[in-house]
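Working notes for the structure below.
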Amino acid sequence: MGWAAGRSSRHRHVKQRSRDFCLAIRGTYSVRRFSVLGVAWIQRRASVSDRDRFFFGRRLVHTGVINLNDTARGLIDGPHVAILATSNRDGRPPSSVIFIKRDGDTVVFTTIKGRLKTRNMTRDPRVSLLVLENAGRYIEIRGTVEITDDPYKSLLYEMYDRYMGGATPPPEPDAERLIVRITPGKLYQWPPVPETP
């Protein structure tokens with residue numbers, strides 16, 4: 001009895017000392033309290049207009065189906081590293097370093113049918129693409145993909161010509177090459193775009 005009372009007292013003490021940590025962003029959040037390390041699980045339920053905010057110092061430049069701005073075009077067209085994140089069936093986000101090219105205001109890359117990221121994108125077309133420049137600038141594009149066949153592997157040869165100095169791709173006799181096109185829905189960038197007065 002004394003042990004249970006002591007445990008209840010300690011539990012109340014911990015609950016009183018726990019804090020809710022919320023992002024400094026307008027909108028409505030559902031926060032579960034965690035007393036250990038003061039971690040908060042934040043689920044955001046906000047309108048589209050509420051999402052035009054600063055997130056962790058980055059500037060959310062656009063939402064909806066968008067055109068890329070000059071910064072994004074310059075990063076993609078110039079030397080960069082591109083990292084694609086998809087979503088596993090259990091929700092975990094695997095990432096892959098990929099070769100990309102800009103096609104107007106969309107981004108395309110090549111992959112093979114049956115690979116994990118291909119299966120993920122077939123099941124859930126939402127992706128995140130991070131494009132980094134050596135100087136410290138980066139953009140993140142969040143959007144949806146459209147996957148089409150590339151029986152002649154034309155995009156694969158184009159990527160090798162651009163990124164591998166014209167080298168010939170290794171033979172892939174059994175591979176079914178695909179072209180993945182990302183249509184941007186959101187664009188973040190760092191350094192952020194200065195706010196207009």
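Residue numbering restarts at 1 in every chain; chains get A, B, ... in the order shown in the structure tokens, and ligands count up from 1 in that same order.
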Each range 91-173 of chain A residue no farther than 7 Å from range 63-82 of chain A, nearest pair in Å, only C-alpha atoms, as JSON lines:
```
{"residue": "A:Val97", "atom": "CA", "partner": "A:Ala82", "partner_atom": "CA", "distance": 5.7}
{"residue": "A:Ile98", "atom": "CA", "partner": "A:Ala82", "partner_atom": "CA", "distance": 5.7}
{"residue": "A:Phe99", "atom": "CA", "partner": "A:Ala82", "partner_atom": "CA", "distance": 6.7}
{"residue": "A:Lys101", "atom": "CA", "partner": "A:Ile76", "partner_atom": "CA", "distance": 6.7}
{"residue": "A:Arg102", "atom": "CA", "partner": "A:Ile76", "partner_atom": "CA", "distance": 6.5}
{"residue": "A:Asp105", "atom": "CA", "partner": "A:Asn67", "partner_atom": "CA", "distance": 5.3}
{"residue": "A:Leu129", "atom": "CA", "partner": "A:Ala82", "partner_atom": "CA", "distance": 6.8}
{"residue": "A:Leu130", "atom": "CA", "partner": "A:Ala82", "partner_atom": "CA", "distance": 5.6}
{"residue": "A:Val131", "atom": "CA", "partner": "A:Ala82", "partner_atom": "CA", "distance": 4.5}
{"residue": "A:Leu132", "atom": "CA", "partner": "A:Val81", "partner_atom": "CA", "distance": 5.2}
{"residue": "A:Glu133", "atom": "CA", "partner": "A:His80", "partner_atom": "CA", "distance": 4.8}
{"residue": "A:Asn134", "atom": "CA", "partner": "A:His80", "partner_atom": "CA", "distance": 6.9}
{"residue": "A:Ile139", "atom": "CA", "partner": "A:Ala72", "partner_atom": "CA", "distance": 6.5}
```
- Message: Applying 12 Å and only C-alpha atoms, which residues near Leu116 in chain A remain after dropping the ones on its own chain fewer than 6 positions away? List them as an NGL selection string.
- Response: :A and (85-89 or 93-96 or 122-124)
Let's have the selection written as an mmCIF file, in the first residue's frame, with N, CA and C atoms.
```
data_model
loop_
_atom_site.group_PDB
_atom_site.id
_atom_site.type_symbol
_atom_site.label_atom_id
_atom_site.label_comp_id
_atom_site.auth_asym_id
_atom_site.auth_seq_id
_atom_site.Cartn_x
_atom_site.Cartn_y
_atom_site.Cartn_z
ATOM 1 N N ALA A 85 14.262 10.974 -50.346
ATOM 2 C CA ALA A 85 13.651 10.247 -49.239
ATOM 3 C C ALA A 85 12.268 9.778 -49.652
ATOM 4 N N THR A 86 12.012 8.487 -49.442
ATOM 5 C CA THR A 86 10.698 7.908 -49.680
ATOM 6 C C THR A 86 10.169 7.374 -48.352
ATOM 7 N N SER A 87 9.051 6.680 -48.392
ATOM 8 C CA SER A 87 8.435 6.190 -47.157
ATOM 9 C C SER A 87 8.215 4.688 -47.244
ATOM 10 N N ASN A 88 8.819 3.946 -46.313
ATOM 11 C CA ASN A 88 8.581 2.517 -46.225
ATOM 12 C C ASN A 88 7.141 2.244 -45.792
ATOM 13 N N ARG A 89 6.721 1.004 -45.934
ATOM 14 C CA ARG A 89 5.370 0.628 -45.538
ATOM 15 C C ARG A 89 5.128 0.871 -44.052
ATOM 16 N N PRO A 93 11.664 6.400 -43.147
ATOM 17 C CA PRO A 93 12.030 7.093 -44.386
ATOM 18 C C PRO A 93 13.436 6.743 -44.873
ATOM 19 N N PRO A 94 13.608 5.760 -45.760
ATOM 20 C CA PRO A 94 14.926 5.506 -46.325
ATOM 21 C C PRO A 94 15.322 6.619 -47.289
ATOM 22 N N SER A 95 16.625 6.835 -47.436
ATOM 23 C CA SER A 95 17.103 7.881 -48.338
ATOM 24 C C SER A 95 18.151 7.302 -49.284
ATOM 25 N N SER A 96 18.258 7.924 -50.448
ATOM 26 C CA SER A 96 19.195 7.472 -51.473
ATOM 27 C C SER A 96 19.831 8.682 -52.139
ATOM 28 N N THR A 122 5.772 3.704 -55.760
ATOM 29 C CA THR A 122 4.585 3.137 -56.394
ATOM 30 C C THR A 122 3.426 3.089 -55.404
ATOM 31 N N ARG A 123 3.749 2.755 -54.158
ATOM 32 C CA ARG A 123 2.716 2.678 -53.112
ATOM 33 C C ARG A 123 2.317 4.052 -52.607
ATOM 34 N N ASP A 124 3.308 4.936 -52.431
ATOM 35 C CA ASP A 124 3.064 6.278 -51.900
ATOM 36 C C ASP A 124 3.890 7.261 -52.713
#
```
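Each of A:Pro192, A:Leu84, A:Met164, A:Lys186 was checked against Tyr138 in chain A using only C-alpha atoms; the smallest atom-to-atom distance is that of A:Pro192.
Picture a line from CA of Glu146 in chain A to CA of Trp190 in chain A; it runs 26.8 Å.
If you look at CA of Val145 in chain A and CA of Val180 in chain A, they are 6.3 Å away from each other.
For the residues A:Gly136, A:Pro151, A:Pro125, A:Gly165, ranking by smallest atom-to-atom distance to Arg177 in chain A using only C-alpha atoms places A:Pro151 first.
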- Message: From a backbone DSSP assignment, name each residue in range 102-136 of chain A labelled strand (DSSP E), as a PyMOL selection string.
- Response: chain A and resi 102-103+106-112+126-132
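Rounded to one decimal, CA of Leu156 in chain A and CA of Thr110 in chain A lie 6.1 Å from each other.
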